[in-house]
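First comes the structure, then the notes that go with it.
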Amino acid sequence: MKLEKVTEPALAAKRWYDDACGMAFALEVVGERWTPLILRELMYGPRRFSEIKRGVPGISANVLTQRLDGLEIAGVLVRRKLPPPANAQVYELTPWGYESEAAMAALGRWAVMMSFRTMIAPERADGIDARIGFRMGTDPFDTHLHDGTLDVARAEPDAVDLLFTAPEARNIAAAVYAGQPLAGLEAAGALTIAGDRDLAERFVTLFPLPPKIGAESEAHA
């Protein structure tokens, strides 16, 4: 039934992978730019259009409308109207849509650790030789920061100098890439830090965003 719904005319004009693999089909449904971030915004309950737009500041209203329409046609979300006195339209994931949570969480953890490896600025890490552990949800990572590089292993942190623990990968990304203060994340229960505090404060500064991305972030601030 799901397959029949996804191939309705509104999606028929899309460029399909012409591949019977389930992964190819999944990417057709949620693989477009911005779509995973929209799913992220809806993962914890229904939201209004303006709330989704605020949570994904880089997307235009027109593109957001297109993505929401496509996800509705695919059966990933539904739109409904809140009862009085709100009388507002909200978007909400269907049970099928909520099934993407595990995949989105795993993708987020993988992406954060990969970004740490590729975006580290060696000159900022000069002189640091330390073992740093991460627990993101149920996934543990043991890393070694040395010589301006970060070696990453998917393993339980052992004898580390610093340990970051967070229920979601994006909580750690918020400190590293969005500049949110560690103390604020800790106070909100989004992040726990154990070990060398000075190292933690320095670690989150080691991964500067490229100038273009930084400029876009400032423009949307």
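Here, A, B, ... name the chains of the structure tokens in the order displayed, residue numbers run from 1 inside each chain, and ligands are numbered from 1 in the same displayed order.
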
Determine which residues of stretch 95-157 of chain A receive a DSSP assignment of strand (DSSP E or B), computed from the backbone, and state them as an mmCIF file with C-alpha atoms, in the first residue's frame.
data_model
loop_
_atom_site.group_PDB
_atom_site.id
_atom_site.type_symbol
_atom_site.label_atom_id
_atom_site.label_comp_id
_atom_site.auth_asym_id
_atom_site.auth_seq_id
_atom_site.Cartn_x
_atom_site.Cartn_y
_atom_site.Cartn_z
ATOM 1 C CA ALA A 130 44.608 13.475 24.647
ATOM 2 C CA ARG A 131 42.088 10.678 24.604
ATOM 3 C CA ILE A 132 38.509 11.892 24.336
ATOM 4 C CA GLY A 133 35.439 9.713 24.656
ATOM 5 C CA PHE A 134 31.887 10.217 23.410
ATOM 6 C CA ARG A 135 28.617 8.508 24.228
ATOM 7 C CA MET A 136 25.851 9.590 21.860
ATOM 8 C CA ASP A 139 26.771 4.603 20.588
ATOM 9 C CA PRO A 140 30.215 4.901 22.224
ATOM 10 C CA PHE A 141 33.303 6.357 20.537
ATOM 11 C CA ASP A 142 36.911 6.373 21.726
ATOM 12 C CA THR A 143 39.103 8.997 20.043
ATOM 13 C CA HIS A 144 42.743 10.045 20.197
ATOM 14 C CA LEU A 145 43.561 13.670 19.462
ATOM 15 C CA HIS A 146 47.219 14.089 18.513
ATOM 16 C CA THR A 149 44.440 14.811 13.825
ATOM 17 C CA LEU A 150 41.612 12.876 15.447
ATOM 18 C CA ASP A 151 41.630 9.076 15.320
ATOM 19 C CA VAL A 152 38.144 7.667 15.890
ATOM 20 C CA ALA A 153 37.134 4.150 16.928
#

- Message: List as a list in words the protein and nucleic acid residues near stretch 46-52 of chain A, meaning an atom at most 6 Å away when only C-alpha atoms are counted, but skip any in the same chain fewer than 6 places from it.
- Response: Val90, Tyr91 and Glu92 of chain A

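Taking atom CA of A:Leu82 and atom CA of A:Leu39 as endpoints, the distance between them is 19.8 Å.
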
Could you please write out, as a tab-separated table (two decimals) with N, CA and C atoms, in the first residue's frame, every residue of stretch 4-201 of chain A that DSSP assigns to helix (DSSP H, G or I)?
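After the write, result-v7.tsv holds the following:
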chain	number	residue	atom	x	y	z
A	4	GLU	N	2.20	2.01	-3.50
A	4	GLU	CA	1.20	2.57	-4.40
A	4	GLU	C	1.00	4.06	-4.12
A	5	LYS	N	1.03	4.42	-2.85
A	5	LYS	CA	0.79	5.81	-2.50
A	5	LYS	C	1.94	6.69	-2.94
A	6	VAL	N	3.17	6.21	-2.78
A	6	VAL	CA	4.33	7.02	-3.11
A	6	VAL	C	4.44	7.27	-4.59
A	9	PRO	N	0.84	10.64	-8.97
A	9	PRO	CA	1.35	11.57	-9.99
A	9	PRO	C	2.25	12.65	-9.45
A	10	ALA	N	1.98	13.15	-8.23
A	10	ALA	CA	2.79	14.26	-7.72
A	10	ALA	C	4.25	13.86	-7.54
A	11	LEU	N	4.49	12.56	-7.36
A	11	LEU	CA	5.87	12.12	-7.22
A	11	LEU	C	6.37	11.40	-8.47
A	12	ALA	N	5.49	11.15	-9.40
A	12	ALA	CA	5.88	10.36	-10.56
A	12	ALA	C	6.92	11.06	-11.41
A	22	GLY	N	15.84	-1.49	-1.40
A	22	GLY	CA	15.06	-0.75	-0.42
A	22	GLY	C	15.72	0.56	-0.04
A	23	MET	N	17.05	0.61	0.00
A	23	MET	CA	17.73	1.85	0.34
A	23	MET	C	17.50	2.91	-0.72
A	24	ALA	N	17.52	2.51	-1.99
A	24	ALA	CA	17.27	3.46	-3.06
A	24	ALA	C	15.86	4.03	-2.93
A	25	PHE	N	14.91	3.18	-2.59
A	25	PHE	CA	13.54	3.64	-2.42
A	25	PHE	C	13.44	4.61	-1.25
A	26	ALA	N	14.12	4.28	-0.14
A	26	ALA	CA	14.09	5.16	1.03
A	26	ALA	C	14.66	6.53	0.70
A	27	LEU	N	15.73	6.56	-0.08
A	27	LEU	CA	16.35	7.83	-0.45
A	27	LEU	C	15.42	8.65	-1.33
A	28	GLU	N	14.62	7.98	-2.14
A	28	GLU	CA	13.66	8.72	-2.95
A	28	GLU	C	12.64	9.43	-2.07
A	29	VAL	N	12.29	8.80	-0.95
A	29	VAL	CA	11.26	9.36	-0.08
A	29	VAL	C	11.83	10.47	0.80
A	30	VAL	N	13.01	10.26	1.40
A	30	VAL	CA	13.52	11.22	2.39
A	30	VAL	C	14.91	11.75	2.06
A	35	THR	N	14.97	17.49	3.65
A	35	THR	CA	13.97	16.56	4.17
A	35	THR	C	14.38	15.93	5.49
A	36	PRO	N	15.61	15.42	5.64
A	36	PRO	CA	15.98	14.85	6.95
A	36	PRO	C	15.87	15.85	8.09
A	37	LEU	N	16.16	17.13	7.82
A	37	LEU	CA	16.05	18.13	8.88
A	37	LEU	C	14.60	18.41	9.23
A	38	ILE	N	13.72	18.32	8.24
A	38	ILE	CA	12.29	18.47	8.52
A	38	ILE	C	11.81	17.32	9.40
A	39	LEU	N	12.26	16.10	9.08
A	39	LEU	CA	11.90	14.95	9.91
A	39	LEU	C	12.42	15.13	11.33
A	40	ARG	N	13.62	15.66	11.45
A	40	ARG	CA	14.19	15.92	12.78
A	40	ARG	C	13.29	16.84	13.59
A	41	GLU	N	12.77	17.88	12.93
A	41	GLU	CA	11.92	18.85	13.63
A	41	GLU	C	10.60	18.24	14.07
A	42	LEU	N	10.13	17.22	13.36
A	42	LEU	CA	8.83	16.62	13.67
A	42	LEU	C	8.95	15.38	14.56
A	49	PHE	N	3.90	25.23	10.64
A	49	PHE	CA	4.80	25.57	9.53
A	49	PHE	C	5.88	26.54	10.01
A	50	SER	N	5.46	27.58	10.73
A	50	SER	CA	6.42	28.60	11.18
A	50	SER	C	7.45	28.01	12.14
A	51	GLU	N	7.05	27.03	12.94
A	51	GLU	CA	7.98	26.40	13.88
A	51	GLU	C	9.01	25.55	13.15
A	52	ILE	N	8.55	24.85	12.12
A	52	ILE	CA	9.49	24.06	11.31
A	52	ILE	C	10.47	24.99	10.59
A	53	LYS	N	9.94	26.07	10.03
A	53	LYS	CA	10.78	27.04	9.32
A	53	LYS	C	11.83	27.64	10.26
A	54	ARG	N	11.44	27.92	11.49
A	54	ARG	CA	12.38	28.48	12.46
A	54	ARG	C	13.46	27.46	12.84
A	55	GLY	N	13.09	26.19	12.88
A	55	GLY	CA	14.05	25.16	13.23
A	55	GLY	C	15.00	24.81	12.10
A	61	ALA	N	10.48	29.32	2.34
A	61	ALA	CA	9.09	28.92	2.59
A	61	ALA	C	8.56	28.08	1.43
A	62	ASN	N	8.95	28.42	0.21
A	62	ASN	CA	8.47	27.69	-0.96
A	62	ASN	C	8.99	26.26	-0.97
A	63	VAL	N	10.28	26.09	-0.69
A	63	VAL	CA	10.86	24.75	-0.68
A	63	VAL	C	10.29	23.94	0.47
A	64	LEU	N	10.10	24.57	1.63
A	64	LEU	CA	9.52	23.86	2.76
A	64	LEU	C	8.13	23.35	2.40
A	65	THR	N	7.34	24.17	1.74
A	65	THR	CA	6.00	23.75	1.32
A	65	THR	C	6.08	22.54	0.39
A	66	GLN	N	7.02	22.57	-0.55
A	66	GLN	CA	7.19	21.46	-1.48
A	66	GLN	C	7.57	20.17	-0.75
A	67	ARG	N	8.50	20.29	0.19
A	67	ARG	CA	8.95	19.10	0.92
A	67	ARG	C	7.82	18.52	1.78
A	68	LEU	N	7.09	19.40	2.44
A	68	LEU	CA	5.98	18.92	3.27
A	68	LEU	C	4.91	18.24	2.42
A	69	ASP	N	4.61	18.83	1.27
A	69	ASP	CA	3.63	18.22	0.37
A	69	ASP	C	4.09	16.84	-0.08
A	70	GLY	N	5.38	16.74	-0.44
A	70	GLY	CA	5.91	15.45	-0.89
A	70	GLY	C	5.88	14.40	0.20
A	71	LEU	N	6.21	14.79	1.43
A	71	LEU	CA	6.20	13.84	2.54
A	71	LEU	C	4.78	13.42	2.88
A	72	GLU	N	3.83	14.33	2.69
A	72	GLU	CA	2.43	13.97	2.94
A	72	GLU	C	1.95	12.95	1.89
A	73	ILE	N	2.28	13.19	0.65
A	73	ILE	CA	1.90	12.26	-0.42
A	73	ILE	C	2.54	10.89	-0.19
A	95	PRO	N	2.79	6.96	11.89
A	95	PRO	CA	3.57	5.87	12.49
A	95	PRO	C	4.72	5.42	11.58
A	96	TRP	N	4.46	5.41	10.29
A	96	TRP	CA	5.52	5.05	9.34
A	96	TRP	C	6.64	6.08	9.38
A	97	GLY	N	6.27	7.35	9.48
A	97	GLY	CA	7.28	8.40	9.56
A	97	GLY	C	8.14	8.28	10.81
A	98	TYR	N	7.50	7.94	11.93
A	98	TYR	CA	8.26	7.80	13.18
A	98	TYR	C	9.25	6.65	13.12
A	101	GLU	N	13.11	7.23	12.94
A	101	GLU	CA	13.89	7.82	14.03
A	101	GLU	C	15.23	7.12	14.23
A	102	ALA	N	15.25	5.80	14.24
A	102	ALA	CA	16.50	5.08	14.47
A	102	ALA	C	17.51	5.38	13.37
A	103	ALA	N	17.04	5.42	12.12
A	103	ALA	CA	17.95	5.70	11.01
A	103	ALA	C	18.48	7.13	11.10
A	104	MET	N	17.63	8.09	11.45
A	104	MET	CA	18.06	9.48	11.56
A	104	MET	C	19.06	9.66	12.69
A	105	ALA	N	18.82	8.98	13.81
A	105	ALA	CA	19.73	9.08	14.95
A	105	ALA	C	21.09	8.50	14.61
A	106	ALA	N	21.10	7.34	13.94
A	106	ALA	CA	22.37	6.72	13.56
A	106	ALA	C	23.12	7.59	12.57
A	107	LEU	N	22.39	8.17	11.62
A	107	LEU	CA	23.02	9.05	10.64
A	107	LEU	C	23.63	10.27	11.31
A	108	GLY	N	22.92	10.82	12.30
A	108	GLY	CA	23.43	11.98	13.01
A	108	GLY	C	24.72	11.68	13.75
A	109	ARG	N	24.77	10.53	14.43
A	109	ARG	CA	25.98	10.16	15.17
A	109	ARG	C	27.15	9.95	14.21
A	110	TRP	N	26.88	9.24	13.12
A	110	TRP	CA	27.93	8.99	12.13
A	110	TRP	C	28.44	10.30	11.55
A	111	ALA	N	27.53	11.20	11.23
A	111	ALA	CA	27.91	12.46	10.59
A	111	ALA	C	28.75	13.34	11.52
A	112	VAL	N	28.39	13.39	12.80
A	112	VAL	CA	29.14	14.22	13.73
A	112	VAL	C	30.57	13.72	13.88
A	113	MET	N	30.74	12.44	14.06
A	113	MET	CA	32.10	11.91	14.24
A	113	MET	C	32.91	12.06	12.95
A	114	MET	N	32.27	11.85	11.81
A	114	MET	CA	32.98	12.03	10.54
A	114	MET	C	33.40	13.48	10.35
A	115	SER	N	32.52	14.41	10.74
A	115	SER	CA	32.86	15.82	10.59
A	115	SER	C	34.03	16.21	11.48
A	116	PHE	N	34.10	15.62	12.68
A	116	PHE	CA	35.23	15.92	13.55
A	116	PHE	C	36.54	15.51	12.89
A	117	ARG	N	36.53	14.40	12.21
A	117	ARG	CA	37.76	13.92	11.56
A	117	ARG	C	38.17	14.80	10.39
A	118	THR	N	37.19	15.28	9.65
A	118	THR	CA	37.50	16.00	8.42
A	118	THR	C	37.62	17.51	8.58
A	119	MET	N	37.02	18.07	9.63
A	119	MET	CA	36.97	19.53	9.76
A	119	MET	C	37.89	20.09	10.84
A	169	ALA	N	23.32	13.16	19.12
A	169	ALA	CA	24.54	13.71	18.54
A	169	ALA	C	24.43	15.21	18.32
A	170	ARG	N	23.23	15.70	18.02
A	170	ARG	CA	23.10	17.13	17.71
A	170	ARG	C	23.37	18.00	18.93
A	171	ASN	N	23.28	17.44	20.15
A	171	ASN	CA	23.58	18.23	21.34
A	171	ASN	C	25.06	18.59	21.38
A	172	ILE	N	25.92	17.63	20.98
A	172	ILE	CA	27.35	17.90	20.91
A	172	ILE	C	27.65	18.81	19.73
A	173	ALA	N	26.98	18.58	18.61
A	173	ALA	CA	27.17	19.44	17.45
A	173	ALA	C	26.77	20.88	17.76
A	174	ALA	N	25.80	21.06	18.64
A	174	ALA	CA	25.37	22.42	19.00
A	174	ALA	C	26.49	23.20	19.66
A	175	ALA	N	27.31	22.52	20.44
A	175	ALA	CA	28.44	23.18	21.10
A	175	ALA	C	29.56	23.46	20.11
A	176	VAL	N	29.80	22.50	19.22
A	176	VAL	CA	30.94	22.61	18.30
A	176	VAL	C	30.65	23.54	17.14
A	177	TYR	N	29.48	23.40	16.51
A	177	TYR	CA	29.21	24.12	15.28
A	177	TYR	C	28.25	25.31	15.44
A	182	LEU	N	28.91	25.36	26.67
A	182	LEU	CA	28.84	24.05	27.31
A	182	LEU	C	28.01	24.12	28.59
A	183	ALA	N	28.22	25.17	29.37
A	183	ALA	CA	27.50	25.29	30.64
A	183	ALA	C	25.99	25.32	30.43
A	184	GLY	N	25.55	26.00	29.38
A	184	GLY	CA	24.12	26.07	29.09
A	184	GLY	C	23.55	24.72	28.70
A	185	LEU	N	24.29	23.97	27.88
A	185	LEU	CA	23.84	22.64	27.47
A	185	LEU	C	23.78	21.69	28.66
A	186	GLU	N	24.77	21.82	29.55
A	186	GLU	CA	24.77	21.00	30.76
A	186	GLU	C	23.57	21.34	31.64
A	187	ALA	N	23.31	22.63	31.82
A	187	ALA	CA	22.20	23.06	32.66
A	187	ALA	C	20.86	22.57	32.12
A	197	ARG	N	38.05	19.89	32.10
A	197	ARG	CA	37.15	20.94	31.66
A	197	ARG	C	37.81	21.90	30.68
A	198	ASP	N	39.06	22.26	30.93
A	198	ASP	CA	39.76	23.16	30.02
A	198	ASP	C	39.90	22.54	28.64
A	199	LEU	N	40.15	21.23	28.60
A	199	LEU	CA	40.25	20.53	27.33
A	199	LEU	C	38.91	20.55	26.61
A	200	ALA	N	37.83	20.40	27.35
A	200	ALA	CA	36.49	20.43	26.74
A	200	ALA	C	36.23	21.78	26.09
A	201	GLU	N	36.54	22.86	26.80
A	201	GLU	CA	36.32	24.21	26.26
A	201	GLU	C	37.17	24.45	25.02

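Our summary of the geometry notes that atom CA of A:Val76 is positioned 5.6 Å from atom CA of A:Thr94.
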